[in-house]
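Raw upload01.cif, mmCIF, C-alpha atoms:
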data_my_file
loop_
_atom_site.label_atom_id
_atom_site.label_comp_id
_atom_site.auth_asym_id
_atom_site.auth_seq_id
_atom_site.Cartn_x
_atom_site.Cartn_y
_atom_site.Cartn_z
CA MET G 15 0.00 0.00 0.00
CA SER G 16 3.06 2.27 0.18
CA LYS G 17 2.73 3.47 -3.39
CA LYS G 18 -0.83 4.66 -2.84
CA THR G 19 -1.08 8.36 -3.43
CA ASP G 20 -4.40 10.08 -3.70
CA HIS G 21 -6.54 7.04 -4.45
CA ALA G 22 -8.75 5.17 -2.03
CA HIS G 23 -7.42 1.90 -3.39
CA CYS G 24 -4.02 0.61 -4.32
CA ALA G 25 -3.67 0.38 -8.06
CA CYS G 26 -1.96 -2.95 -8.74
CA GLY G 27 -2.22 -3.03 -12.50
CA ASP G 28 -5.88 -3.30 -13.35
CA GLN G 29 -6.65 -5.21 -10.21
CA ARG G 30 -7.37 -2.50 -7.69
CA LYS G 31 -7.73 -3.64 -4.11
CA ALA G 32 -10.11 -2.49 -1.39
CA VAL G 33 -8.56 -0.38 1.35
CA GLN G 34 -9.93 -2.94 3.83
CA VAL G 35 -12.70 -5.55 3.85
CA ASP G 36 -14.39 -6.51 7.10
CA PRO G 37 -14.12 -10.32 7.38
CA GLU G 38 -17.81 -10.71 8.28
CA ILE G 39 -18.85 -8.62 5.25
CA LYS G 40 -16.61 -10.72 3.03
CA ALA G 41 -18.06 -13.98 4.40
CA ALA G 42 -21.66 -12.74 4.18
CA THR G 43 -21.11 -11.48 0.62
CA LEU G 44 -19.65 -14.83 -0.49
CA ARG G 45 -22.59 -16.68 1.08
CA ARG G 46 -25.03 -14.38 -0.71
CA LEU G 47 -23.26 -14.81 -4.03
CA ALA G 48 -23.29 -18.60 -3.66
CA ARG G 49 -27.05 -18.42 -3.11
CA ILE G 50 -27.45 -16.12 -6.12
CA ALA G 51 -25.45 -18.58 -8.28
CA GLY G 52 -27.89 -21.29 -7.17
CA GLN G 53 -30.87 -19.08 -8.04
CA VAL G 54 -29.45 -18.50 -11.53
CA ARG G 55 -29.09 -22.28 -12.03
CA GLY G 56 -32.71 -22.66 -10.94
CA ILE G 57 -33.79 -20.11 -13.54
CA GLN G 58 -31.80 -21.89 -16.25
CA LYS G 59 -33.70 -25.07 -15.38
CA MET G 60 -37.04 -23.23 -15.47
CA VAL G 61 -36.27 -21.87 -18.95
CA GLU G 62 -35.22 -25.33 -20.17
CA GLU G 63 -38.51 -26.76 -18.89
CA GLU G 64 -40.48 -23.92 -20.54
CA ARG G 65 -42.04 -22.93 -17.26
CA TYR G 66 -44.62 -20.15 -17.14
CA CYS G 67 -42.91 -16.88 -18.16
CA ALA G 68 -44.36 -14.86 -15.29
CA ASP G 69 -43.00 -17.35 -12.76
CA ILE G 70 -39.53 -17.06 -14.32
CA LEU G 71 -39.78 -13.26 -14.33
CA VAL G 72 -40.58 -13.29 -10.60
CA GLN G 73 -37.49 -15.44 -10.00
CA ILE G 74 -35.31 -13.05 -12.00
CA SER G 75 -36.68 -10.18 -9.93
CA SER G 76 -35.79 -12.14 -6.79
CA VAL G 77 -32.16 -12.43 -8.01
CA GLN G 78 -32.17 -8.68 -8.62
CA GLU G 79 -33.30 -8.08 -5.05
CA ALA G 80 -30.59 -10.43 -3.78
CA LEU G 81 -27.99 -8.52 -5.82
CA ARG G 82 -29.21 -5.25 -4.34
CA GLY G 83 -28.75 -6.74 -0.85
CA THR G 84 -25.23 -7.77 -1.79
CA SER G 85 -24.50 -4.30 -3.19
CA ARG G 86 -25.69 -2.73 0.02
CA HIS G 87 -23.17 -4.77 2.02
CA LEU G 88 -20.32 -3.90 -0.30
CA MET G 89 -21.35 -0.24 -0.37
CA TYR G 90 -21.31 -0.23 3.44
CA ASN G 91 -17.74 -1.52 3.34
CA HIS G 92 -16.90 1.02 0.64
CA LEU G 93 -18.22 3.95 2.63
CA LYS G 94 -16.67 2.73 5.90
CA HIS G 95 -13.20 2.07 4.58
CA CYS G 96 -12.54 3.40 1.08
CA ALA G 97 -14.69 6.54 1.17
CA THR G 98 -13.77 7.45 4.73
CA ASP G 99 -10.10 6.98 3.86
CA ALA G 100 -10.46 9.22 0.80
CA ILE G 101 -12.34 11.89 2.72
CA ARG G 102 -9.67 11.98 5.44
CA LYS G 103 -6.91 12.33 2.86
CA GLY G 104 -8.00 15.77 1.74
CA PRO G 105 -10.44 17.69 -0.44
CA GLU G 106 -9.11 16.46 -3.79
CA SER G 107 -9.34 12.74 -3.05
CA ALA G 108 -12.65 13.38 -1.26
CA GLU G 109 -14.07 15.12 -4.35
CA GLN G 110 -12.99 12.18 -6.50
CA MET G 111 -14.72 9.81 -4.09
CA TYR G 112 -18.00 11.80 -4.05
CA ASN G 113 -18.20 11.51 -7.81
CA GLU G 114 -17.37 7.82 -7.76
CA VAL G 115 -20.09 7.15 -5.18
CA LEU G 116 -22.58 9.28 -7.15
CA ASP G 117 -21.84 7.29 -10.31
CA LEU G 118 -22.35 4.04 -8.38
CA ILE G 119 -25.72 5.30 -7.15
CA TYR G 120 -27.12 7.11 -10.16
CA LYS G 121 -25.40 5.50 -13.12
CA HIS G 122 -24.97 1.93 -11.96
CA SER G 123 -27.56 1.25 -9.29
CA ARG G 124 -30.90 -0.45 -9.96
CA MET N 21 -53.05 -28.48 -22.18
CA SER N 22 -56.57 -29.92 -22.23
CA LYS N 23 -57.28 -29.13 -18.62
CA LYS N 24 -56.53 -25.43 -19.10
CA THR N 25 -59.54 -23.33 -18.29
CA ASP N 26 -59.26 -19.59 -17.87
CA HIS N 27 -55.53 -19.41 -17.22
CA ALA N 28 -52.87 -18.38 -19.68
CA HIS N 29 -50.80 -21.34 -18.55
CA CYS N 30 -51.50 -24.96 -17.84
CA ALA N 31 -51.37 -25.60 -14.14
CA CYS N 32 -49.46 -28.86 -13.72
CA GLY N 33 -49.15 -28.92 -9.96
CA ASP N 34 -46.92 -26.05 -8.99
CA GLN N 35 -45.01 -26.22 -12.22
CA ARG N 36 -47.00 -24.01 -14.51
CA LYS N 37 -45.96 -24.07 -18.14
CA ALA N 38 -45.75 -21.30 -20.70
CA VAL N 39 -48.43 -21.32 -23.38
CA GLN N 40 -45.63 -21.37 -25.94
CA VAL N 41 -41.93 -20.45 -26.03
CA ASP N 42 -40.32 -19.33 -29.26
CA PRO N 43 -37.25 -21.58 -29.77
CA GLU N 44 -34.98 -18.61 -30.58
CA ILE N 45 -36.10 -16.81 -27.40
CA LYS N 46 -35.45 -19.96 -25.37
CA ALA N 47 -31.98 -20.40 -26.87
CA ALA N 48 -31.07 -16.71 -26.48
CA THR N 49 -32.32 -16.71 -22.87
CA LEU N 50 -30.25 -19.78 -22.00
CA ARG N 51 -27.16 -18.21 -23.58
CA ARG N 52 -27.73 -15.03 -21.58
CA LEU N 53 -28.22 -16.95 -18.34
CA ALA N 54 -25.00 -18.94 -18.94
CA ARG N 55 -23.16 -15.64 -19.35
CA ILE N 56 -24.79 -14.26 -16.20
CA ALA N 57 -23.72 -17.39 -14.25
CA GLY N 58 -20.16 -16.71 -15.45
CA GLN N 59 -20.40 -13.08 -14.36
CA VAL N 60 -21.53 -14.17 -10.89
CA ARG N 61 -18.53 -16.53 -10.64
CA GLY N 62 -16.30 -13.60 -11.62
CA ILE N 63 -17.78 -11.49 -8.85
CA GLN N 64 -17.26 -14.29 -6.31
CA LYS N 65 -13.57 -14.33 -7.30
CA MET N 66 -13.33 -10.54 -6.99
CA VAL N 67 -14.78 -10.67 -3.47
CA GLU N 68 -12.38 -13.47 -2.49
CA GLU N 69 -9.45 -11.39 -3.75
CA GLU N 70 -10.72 -8.32 -1.86
CA ARG N 71 -10.82 -6.28 -5.03
CA TYR N 72 -11.80 -2.62 -4.92
CA CYS N 73 -15.44 -2.37 -3.76
CA ALA N 74 -16.46 0.11 -6.44
CA ASP N 75 -15.17 -2.22 -9.17
CA ILE N 76 -17.23 -5.07 -7.71
CA LEU N 77 -20.29 -2.83 -7.46
CA VAL N 78 -19.96 -1.95 -11.16
CA GLN N 79 -19.83 -5.66 -11.99
CA ILE N 80 -22.96 -6.33 -9.92
CA SER N 81 -24.68 -3.52 -11.79
CA SER N 82 -23.63 -5.14 -15.05
CA VAL N 83 -25.33 -8.39 -13.95
CA GLN N 84 -28.44 -6.34 -13.09
CA GLU N 85 -28.46 -4.94 -16.62
CA ALA N 86 -27.99 -8.42 -18.09
CA LEU N 87 -30.92 -9.71 -16.02
CA ARG N 88 -33.06 -6.84 -17.29
CA GLY N 89 -32.17 -7.83 -20.86
CA THR N 90 -33.16 -11.41 -20.09
CA SER N 91 -36.43 -10.27 -18.53
CA ARG N 92 -37.22 -8.22 -21.60
CA HIS N 93 -36.91 -11.32 -23.81
CA LEU N 94 -39.11 -13.38 -21.54
CA MET N 95 -41.63 -10.57 -21.23
CA TYR N 96 -41.79 -10.36 -25.02
CA ASN N 97 -42.61 -14.07 -25.13
CA HIS N 98 -45.11 -13.58 -22.30
CA LEU N 99 -46.94 -10.77 -24.09
CA LYS N 100 -46.84 -12.53 -27.46
CA HIS N 101 -48.12 -15.89 -26.30
CA CYS N 102 -49.48 -15.96 -22.76
CA ALA N 103 -50.97 -12.45 -22.59
CA THR N 104 -52.36 -12.52 -26.12
CA ASP N 105 -53.90 -15.92 -25.40
CA ALA N 106 -55.51 -14.61 -22.20
CA ILE N 107 -56.80 -11.47 -23.90
CA ARG N 108 -58.39 -13.50 -26.70
CA LYS N 109 -60.10 -15.80 -24.20
CA GLY N 110 -62.38 -13.10 -22.83
CA PRO N 111 -62.60 -10.15 -20.46
CA GLU N 112 -62.18 -12.12 -17.24
CA SER N 113 -58.96 -13.87 -18.17
CA ALA N 114 -57.77 -10.64 -19.82
CA GLU N 115 -58.36 -8.70 -16.59
CA GLN N 116 -56.39 -11.31 -14.65
CA MET N 117 -53.54 -10.97 -17.15
CA TYR N 118 -53.47 -7.15 -16.97
CA ASN N 119 -53.00 -7.37 -13.22
CA GLU N 120 -50.34 -10.03 -13.51
CA VAL N 121 -48.39 -7.95 -16.04
CA LEU N 122 -48.77 -4.83 -13.87
CA ASP N 123 -47.40 -6.71 -10.86
CA LEU N 124 -44.46 -7.91 -12.95
CA ILE N 125 -43.73 -4.33 -14.00
CA TYR N 126 -44.43 -2.35 -10.84
CA LYS N 127 -43.89 -4.84 -8.03
CA HIS N 128 -41.15 -7.04 -9.40
CA SER N 129 -39.26 -5.09 -12.02
CA ARG N 130 -36.01 -3.23 -11.36
CA MET O 14 -61.11 7.68 -35.38
CA SER O 15 -62.04 6.74 -38.95
CA LYS O 16 -58.57 7.29 -40.34
CA LYS O 17 -57.02 4.89 -37.85
CA THR O 18 -55.35 2.01 -39.63
CA ASP O 19 -53.05 -0.32 -37.76
CA HIS O 20 -52.33 1.90 -34.77
CA ALA O 21 -53.81 1.58 -31.31
CA HIS O 22 -54.34 5.32 -31.22
CA CYS O 23 -55.67 7.88 -33.60
CA ALA O 24 -52.87 10.04 -34.89
CA CYS O 25 -54.20 13.60 -34.83
CA GLY O 26 -51.06 15.46 -35.75
CA ASP O 27 -48.61 14.96 -32.92
CA GLN O 28 -51.37 14.71 -30.38
CA ARG O 29 -52.20 11.04 -30.36
CA LYS O 30 -55.28 10.07 -28.39
CA ALA O 31 -55.95 7.05 -26.20
CA VAL O 32 -58.33 4.46 -27.65
CA GLN O 33 -60.41 4.89 -24.49
CA VAL O 34 -59.87 6.14 -20.95
CA ASP O 35 -61.94 4.78 -18.09
CA PRO O 36 -63.47 7.84 -16.34
CA GLU O 37 -62.47 6.56 -12.88
CA ILE O 38 -58.87 6.05 -14.01
CA LYS O 39 -58.83 9.56 -15.47
CA ALA O 40 -60.21 11.07 -12.27
CA ALA O 41 -57.86 9.07 -10.02
CA THR O 42 -54.85 9.97 -12.19
CA LEU O 43 -55.70 13.68 -12.06
CA ARG O 44 -56.08 13.51 -8.28
CA ARG O 45 -52.70 11.78 -7.98
CA LEU O 46 -51.03 14.32 -10.26
CA ALA O 47 -52.48 17.21 -8.23
CA ARG O 48 -51.02 15.63 -5.10
CA ILE O 49 -47.65 15.14 -6.86
CA ALA O 50 -47.65 18.81 -7.92
CA GLY O 51 -48.18 19.71 -4.26
CA GLN O 52 -45.31 17.45 -3.19
CA VAL O 53 -43.01 19.14 -5.72
CA ARG O 54 -43.96 22.56 -4.29
CA GLY O 55 -43.15 21.21 -0.82
CA ILE O 56 -39.71 20.10 -2.03
CA GLN O 57 -39.06 23.52 -3.59
CA LYS O 58 -39.80 25.08 -0.20
CA MET O 59 -37.49 22.61 1.57
CA VAL O 60 -34.64 23.47 -0.80
CA GLU O 61 -35.23 27.20 -0.33
CA GLU O 62 -35.07 26.72 3.45
CA GLU O 63 -31.87 24.64 3.12
CA ARG O 64 -33.46 21.74 4.93
CA TYR O 65 -31.43 18.62 5.69
CA CYS O 66 -30.45 17.00 2.35
CA ALA O 67 -31.42 13.47 3.43
CA ASP O 68 -34.92 14.67 4.35
CA ILE O 69 -35.30 16.26 0.90
CA LEU O 70 -34.00 13.09 -0.78
CA VAL O 71 -36.62 11.04 1.06
CA GLN O 72 -39.32 13.43 -0.21
CA ILE O 73 -38.04 13.13 -3.78
CA SER O 74 -38.17 9.37 -3.42
CA SER O 75 -41.76 9.68 -2.23
CA VAL O 76 -42.63 11.59 -5.43
CA GLN O 77 -40.92 8.83 -7.43
CA GLU O 78 -43.17 6.26 -5.71
CA ALA O 79 -46.24 8.40 -6.40
CA LEU O 80 -45.27 8.64 -10.07
CA ARG O 81 -44.90 4.87 -10.22
CA GLY O 82 -48.41 4.52 -8.81
CA THR O 83 -49.70 6.90 -11.45
CA SER O 84 -47.87 5.00 -14.19
CA ARG O 85 -49.41 1.76 -13.00
CA HIS O 86 -52.90 3.19 -13.41
CA LEU O 87 -52.17 4.51 -16.87
CA MET O 88 -50.49 1.27 -17.88
CA TYR O 89 -53.60 -0.62 -16.74
CA ASN O 90 -55.68 1.57 -19.02
CA HIS O 91 -53.14 1.11 -21.79
CA LEU O 92 -53.22 -2.68 -21.56
CA LYS O 93 -57.00 -2.83 -21.19
CA HIS O 94 -57.86 -0.56 -24.09
CA CYS O 95 -54.96 0.30 -26.38
CA ALA O 96 -52.99 -2.97 -26.14
CA THR O 97 -56.05 -5.19 -26.24
CA ASP O 98 -57.31 -3.25 -29.24
CA ALA O 99 -53.98 -3.67 -31.04
CA ILE O 100 -53.78 -7.38 -30.22
CA ARG O 101 -57.29 -7.97 -31.57
CA LYS O 102 -56.46 -6.12 -34.80
CA GLY O 103 -53.95 -8.72 -35.94
CA PRO O 104 -50.37 -9.93 -35.61
CA GLU O 105 -48.70 -6.86 -37.13
CA SER O 106 -50.32 -4.29 -34.88
CA ALA O 107 -49.94 -6.71 -31.94
CA GLU O 108 -46.19 -7.02 -32.61
CA GLN O 109 -45.88 -3.23 -32.70
CA MET O 110 -47.70 -3.04 -29.38
CA TYR O 111 -45.49 -5.67 -27.69
CA ASN O 112 -42.42 -3.64 -28.56
CA GLU O 113 -44.01 -0.41 -27.39
CA VAL O 114 -44.95 -1.97 -24.05
CA LEU O 115 -41.46 -3.49 -23.68
CA ASP O 116 -39.88 -0.08 -24.28
CA LEU O 117 -42.18 1.45 -21.68
CA ILE O 118 -41.12 -1.21 -19.17
CA TYR O 119 -37.42 -1.63 -19.87
CA LYS O 120 -36.36 1.67 -21.40
CA HIS O 121 -38.60 4.13 -19.64
CA SER O 122 -39.72 2.61 -16.36
CA ARG O 123 -38.07 3.27 -13.01
CA MET E 12 -25.27 25.39 15.09
CA SER E 13 -23.61 25.44 18.52
CA LYS E 14 -26.01 22.89 19.99
CA LYS E 15 -25.13 20.30 17.34
CA THR E 16 -23.66 17.23 18.95
CA ASP E 17 -23.21 14.01 17.03
CA HIS E 18 -25.62 14.73 14.18
CA ALA E 19 -24.68 15.91 10.71
CA HIS E 20 -27.51 18.42 10.86
CA CYS E 21 -28.83 20.78 13.44
CA ALA E 22 -32.11 19.53 14.81
CA CYS E 23 -34.39 22.56 15.00
CA GLY E 24 -37.63 20.87 15.98
CA ASP E 25 -38.66 18.70 13.07
CA GLN E 26 -37.08 20.99 10.56
CA ARG E 27 -33.55 19.72 10.35
CA LYS E 28 -31.15 21.91 8.39
CA ALA E 29 -28.33 20.97 6.06
CA VAL E 30 -24.82 21.48 7.42
CA GLN E 31 -24.16 23.65 4.37
CA VAL E 32 -25.64 24.08 0.89
CA ASP E 33 -23.47 25.27 -1.97
CA PRO E 34 -25.27 28.30 -3.50
CA GLU E 35 -24.85 26.99 -7.06
CA ILE E 36 -26.31 23.60 -6.06
CA LYS E 37 -29.25 25.35 -4.40
CA ALA E 38 -29.89 27.52 -7.47
CA ALA E 39 -29.53 24.61 -9.90
CA THR E 40 -31.84 22.43 -7.78
CA LEU E 41 -34.52 25.14 -7.67
CA ARG E 42 -34.28 25.60 -11.45
CA ARG E 43 -34.66 21.85 -11.94
CA LEU E 44 -37.63 21.66 -9.58
CA ALA E 45 -39.35 24.55 -11.39
CA ARG E 46 -38.91 22.65 -14.65
CA ILE E 47 -40.24 19.45 -13.04
CA ALA E 48 -43.31 21.35 -11.76
CA GLY E 49 -43.90 22.49 -15.35
CA GLN E 50 -43.56 18.94 -16.64
CA VAL E 51 -46.14 17.74 -14.08
CA ARG E 52 -48.56 20.46 -15.28
CA GLY E 53 -47.97 19.25 -18.84
CA ILE E 54 -48.84 15.70 -17.82
CA GLN E 55 -52.02 16.89 -16.07
CA LYS E 56 -53.04 18.55 -19.34
CA MET E 57 -52.27 15.39 -21.32
CA VAL E 58 -54.45 13.30 -19.00
CA GLU E 59 -57.29 15.83 -19.25
CA GLU E 60 -57.09 15.66 -23.05
CA GLU E 61 -57.04 11.84 -22.95
CA ARG E 62 -53.80 11.72 -24.85
CA TYR E 63 -52.29 8.38 -25.86
CA CYS E 64 -51.34 6.49 -22.66
CA ALA E 65 -47.88 5.49 -23.90
CA ASP E 66 -47.03 9.13 -24.63
CA ILE E 67 -48.07 10.09 -21.09
CA LEU E 68 -46.06 7.21 -19.64
CA VAL E 69 -42.95 8.42 -21.49
CA GLN E 70 -43.49 11.91 -20.00
CA ILE E 71 -43.82 10.46 -16.51
CA SER E 72 -40.60 8.58 -17.04
CA SER E 73 -38.97 11.82 -18.11
CA VAL E 74 -40.02 13.44 -14.82
CA GLN E 75 -38.55 10.46 -12.99
CA GLU E 76 -35.24 10.97 -14.79
CA ALA E 77 -35.32 14.68 -13.93
CA LEU E 78 -35.93 13.82 -10.27
CA ARG E 79 -32.97 11.45 -10.33
CA GLY E 80 -30.81 14.27 -11.67
CA THR E 81 -32.05 16.51 -8.86
CA SER E 82 -31.34 13.78 -6.29
CA ARG E 83 -27.82 13.41 -7.62
CA HIS E 84 -27.13 17.10 -7.01
CA LEU E 85 -28.53 16.98 -3.51
CA MET E 86 -26.66 13.76 -2.74
CA TYR E 87 -23.44 15.43 -3.90
CA ASN E 88 -24.09 18.23 -1.43
CA HIS E 89 -24.97 15.68 1.23
CA LEU E 90 -21.75 13.72 0.78
CA LYS E 91 -19.60 16.85 0.52
CA HIS E 92 -20.95 18.62 3.57
CA CYS E 93 -23.16 16.49 5.81
CA ALA E 94 -21.46 13.09 5.33
CA THR E 95 -17.94 14.49 5.40
CA ASP E 96 -18.79 16.41 8.56
CA ALA E 97 -20.19 13.27 10.20
CA ILE E 98 -17.19 11.17 9.16
CA ARG E 99 -14.75 13.71 10.58
CA LYS E 100 -16.64 13.83 13.88
CA GLY E 101 -15.78 10.26 14.82
CA PRO E 102 -16.70 6.60 14.30
CA GLU E 103 -20.12 6.77 15.93
CA SER E 104 -21.50 9.65 13.89
CA ALA E 105 -19.76 8.18 10.81
CA GLU E 106 -21.50 4.83 11.34
CA GLN E 107 -24.85 6.60 11.65
CA MET E 108 -24.15 8.43 8.39
CA TYR E 109 -23.18 5.24 6.48
CA ASN E 110 -26.50 3.71 7.38
CA GLU E 111 -28.41 6.85 6.45
CA VAL E 112 -26.71 6.99 3.04
CA LEU E 113 -27.31 3.26 2.49
CA ASP E 114 -31.01 3.73 3.25
CA LEU E 115 -31.15 6.63 0.80
CA ILE E 116 -29.56 4.46 -1.89
CA TYR E 117 -31.19 1.09 -1.33
CA LYS E 118 -34.49 1.88 0.35
CA HIS E 119 -35.40 5.20 -1.21
CA SER E 120 -33.62 5.49 -4.52
CA ARG E 121 -35.23 4.67 -7.84
#

How would this structure read if it were set down as structure tokens?
Amino acid sequence: MSKKTDHAHCACGDQRKAVQVDPEIKAATLRRLARIAGQVRGIQKMVEEERYCADILVQISSVQEALRGTSRHLMYNHLKHCATDAIRKGPESAEQMYNEVLDLIYKHSR
Amino acid sequence: MSKKTDHAHCACGDQRKAVQVDPEIKAATLRRLARIAGQVRGIQKMVEEERYCADILVQISSVQEALRGTSRHLMYNHLKHCATDAIRKGPESAEQMYNEVLDLIYKHSR
Amino acid sequence: MSKKTDHAHCACGDQRKAVQVDPEIKAATLRRLARIAGQVRGIQKMVEEERYCADILVQISSVQEALRGTSRHLMYNHLKHCATDAIRKGPESAEQMYNEVLDLIYKHSR
Amino acid sequence: MSKKTDHAHCACGDQRKAVQVDPEIKAATLRRLARIAGQVRGIQKMVEEERYCADILVQISSVQEALRGTSRHLMYNHLKHCATDAIRKGPESAEQMYNEVLDLIYKHSR
């Protein structure tokens, strides 16, 4: 992390790392993602069996809700560690972080 | 399908079937879901490697978009076959279908 | 309406008309819109008074929910009259309607 | 503001105030809200004239987009002033702020 300058993450090539990840958030996120992977397999099976479209659509919407729950956990970690770190570093890195968070909310979030 | 009465689907226990699924929609949907399953595996790996939260959040948002694309295909099939079928059957089954579609849009869709 | 061909609406210049609007849906929609206009005025006042941002954001989100409720009513009318009309007219006008409804759901809806 | 303790806002009865509002954000937000109020009046007129439902639905969706743009501006102000203030005050008020922002994103945002 010694080469980190004004970023909230260390830039290791393209693979940027989180400033810090709470172990319980990491574990909970992995559990949620494993469940989501299972839900996707279930939907694949429903499509193969030509199940009623509306029932499949409800299942897709349930995966979307599960992804939102996962995002919320990761965003909590992001605010707590990465954003807080950036805000403490000074106005320039804070400004960069505000815009990143705004893009996550208004460009990327569903 | 002989036992179908005023539903747009045949109720075979809990496993309701679509009135009809266009083969190209089925194939495209399965391809999309396979890609989504791969994206979810990629996200699991990113979380394990403690990659930068914002980068993971963007990937989750990309899965959300992919799920929306999949929903759109299935909804097209639903309107074309199941909804059209229900609407042709008479006002009562049409009314039931309107409400089902509205729930899919306003309760379930993201 | 005599010049209508394969559209679900009569094209009167740019001002296309609904096939039919249920009077109770029209009245309920106008009541909802009047309430929404009042909510927007309330938000303008909050911004002028420099009220706490999060409280304003919650009010904006409440307008978003109210707009979704209004959309649901109009979409019900759309499915019941315009879409049903288009579907009954034949496969070409039905196809056009499916795509219009899909755009409303997946391109325009929030 | 001297009575403010661990909140990011001063609690003046129910009317909580923002820590600070940038004058250009305030002006831009009021301009946007005035435009939104005009759009809502336009939609009321469309409903009165029984205009084509899909055209009205597109206009509603345009108001929703405009509200999202307004929210983004207010959220920027919130992060820059209220959230930054709370984060600097210490872990407890920071924690409270993370949860407030998460609720704004995942419970209230559309």

Note to self: Which residues would end up in the selection if the PyMOL selection byres ((chain O and resi 36) around 12) were applied here, given that I need the answer as an NGL selection string?
What the structure shows: (:O and (33-35 or 37-43 or 86-87 or 90)) or (:E and (58-59 or 61))

Residue IDs satisfying the PyMOL selection byres ((chain G) within 9 of (chain N)), as a PDB file with C-alpha atoms, in the frame of the given file:
ATOM      1  CA  ALA G  22      -8.750   5.170  -2.030  1.00  0.00           C
ATOM      2  CA  HIS G  23      -7.420   1.900  -3.390  1.00  0.00           C
ATOM      3  CA  CYS G  24      -4.020   0.610  -4.320  1.00  0.00           C
ATOM      4  CA  GLN G  29      -6.650  -5.210 -10.210  1.00  0.00           C
ATOM      5  CA  ARG G  30      -7.370  -2.500  -7.690  1.00  0.00           C
ATOM      6  CA  LYS G  31      -7.730  -3.640  -4.110  1.00  0.00           C
ATOM      7  CA  ALA G  32     -10.110  -2.490  -1.390  1.00  0.00           C
ATOM      8  CA  VAL G  33      -8.560  -0.380   1.350  1.00  0.00           C
ATOM      9  CA  GLN G  34      -9.930  -2.940   3.830  1.00  0.00           C
ATOM     10  CA  VAL G  35     -12.700  -5.550   3.850  1.00  0.00           C
ATOM     11  CA  LYS G  40     -16.610 -10.720   3.030  1.00  0.00           C
ATOM     12  CA  ALA G  41     -18.060 -13.980   4.400  1.00  0.00           C
ATOM     13  CA  THR G  43     -21.110 -11.480   0.620  1.00  0.00           C
ATOM     14  CA  LEU G  44     -19.650 -14.830  -0.490  1.00  0.00           C
ATOM     15  CA  LEU G  47     -23.260 -14.810  -4.030  1.00  0.00           C
ATOM     16  CA  ALA G  48     -23.290 -18.600  -3.660  1.00  0.00           C
ATOM     17  CA  ILE G  50     -27.450 -16.120  -6.120  1.00  0.00           C
ATOM     18  CA  ALA G  51     -25.450 -18.580  -8.280  1.00  0.00           C
ATOM     19  CA  VAL G  54     -29.450 -18.500 -11.530  1.00  0.00           C
ATOM     20  CA  ARG G  55     -29.090 -22.280 -12.030  1.00  0.00           C
ATOM     21  CA  ILE G  57     -33.790 -20.110 -13.540  1.00  0.00           C
ATOM     22  CA  GLN G  58     -31.800 -21.890 -16.250  1.00  0.00           C
ATOM     23  CA  VAL G  61     -36.270 -21.870 -18.950  1.00  0.00           C
ATOM     24  CA  GLU G  62     -35.220 -25.330 -20.170  1.00  0.00           C
ATOM     25  CA  GLU G  63     -38.510 -26.760 -18.890  1.00  0.00           C
ATOM     26  CA  GLU G  64     -40.480 -23.920 -20.540  1.00  0.00           C
ATOM     27  CA  ARG G  65     -42.040 -22.930 -17.260  1.00  0.00           C
ATOM     28  CA  TYR G  66     -44.620 -20.150 -17.140  1.00  0.00           C
ATOM     29  CA  CYS G  67     -42.910 -16.880 -18.160  1.00  0.00           C
ATOM     30  CA  ALA G  68     -44.360 -14.860 -15.290  1.00  0.00           C
ATOM     31  CA  ASP G  69     -43.000 -17.350 -12.760  1.00  0.00           C
ATOM     32  CA  ILE G  70     -39.530 -17.060 -14.320  1.00  0.00           C
ATOM     33  CA  LEU G  71     -39.780 -13.260 -14.330  1.00  0.00           C
ATOM     34  CA  VAL G  72     -40.580 -13.290 -10.600  1.00  0.00           C
ATOM     35  CA  ILE G  74     -35.310 -13.050 -12.000  1.00  0.00           C
ATOM     36  CA  SER G  75     -36.680 -10.180  -9.930  1.00  0.00           C
ATOM     37  CA  SER G  76     -35.790 -12.140  -6.790  1.00  0.00           C
ATOM     38  CA  VAL G  77     -32.160 -12.430  -8.010  1.00  0.00           C
ATOM     39  CA  GLN G  78     -32.170  -8.680  -8.620  1.00  0.00           C
ATOM     40  CA  GLU G  79     -33.300  -8.080  -5.050  1.00  0.00           C
ATOM     41  CA  LEU G  81     -27.990  -8.520  -5.820  1.00  0.00           C
ATOM     42  CA  ARG G  82     -29.210  -5.250  -4.340  1.00  0.00           C
ATOM     43  CA  THR G  84     -25.230  -7.770  -1.790  1.00  0.00           C
ATOM     44  CA  SER G  85     -24.500  -4.300  -3.190  1.00  0.00           C
ATOM     45  CA  LEU G  88     -20.320  -3.900  -0.300  1.00  0.00           C
ATOM     46  CA  MET G  89     -21.350  -0.240  -0.370  1.00  0.00           C
ATOM     47  CA  ASN G  91     -17.740  -1.520   3.340  1.00  0.00           C
ATOM     48  CA  HIS G  92     -16.900   1.020   0.640  1.00  0.00           C
ATOM     49  CA  CYS G  96     -12.540   3.400   1.080  1.00  0.00           C
ATOM     50  CA  GLU G 114     -17.370   7.820  -7.760  1.00  0.00           C
ATOM     51  CA  VAL G 115     -20.090   7.150  -5.180  1.00  0.00           C
ATOM     52  CA  LEU G 118     -22.350   4.040  -8.380  1.00  0.00           C
ATOM     53  CA  HIS G 122     -24.970   1.930 -11.960  1.00  0.00           C
ATOM     54  CA  SER G 123     -27.560   1.250  -9.290  1.00  0.00           C
ATOM     55  CA  ARG G 124     -30.900  -0.450  -9.960  1.00  0.00           C
TER      56      ARG G 124
END

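Picture a line from atom CA of Asn110 of chain E to atom CA of Gln110 of chain G; it runs 21.1 Å.
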
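We find atom CA of Arg99 of chain E and atom CA of Pro105 of chain G to be spaced 12.5 Å apart.
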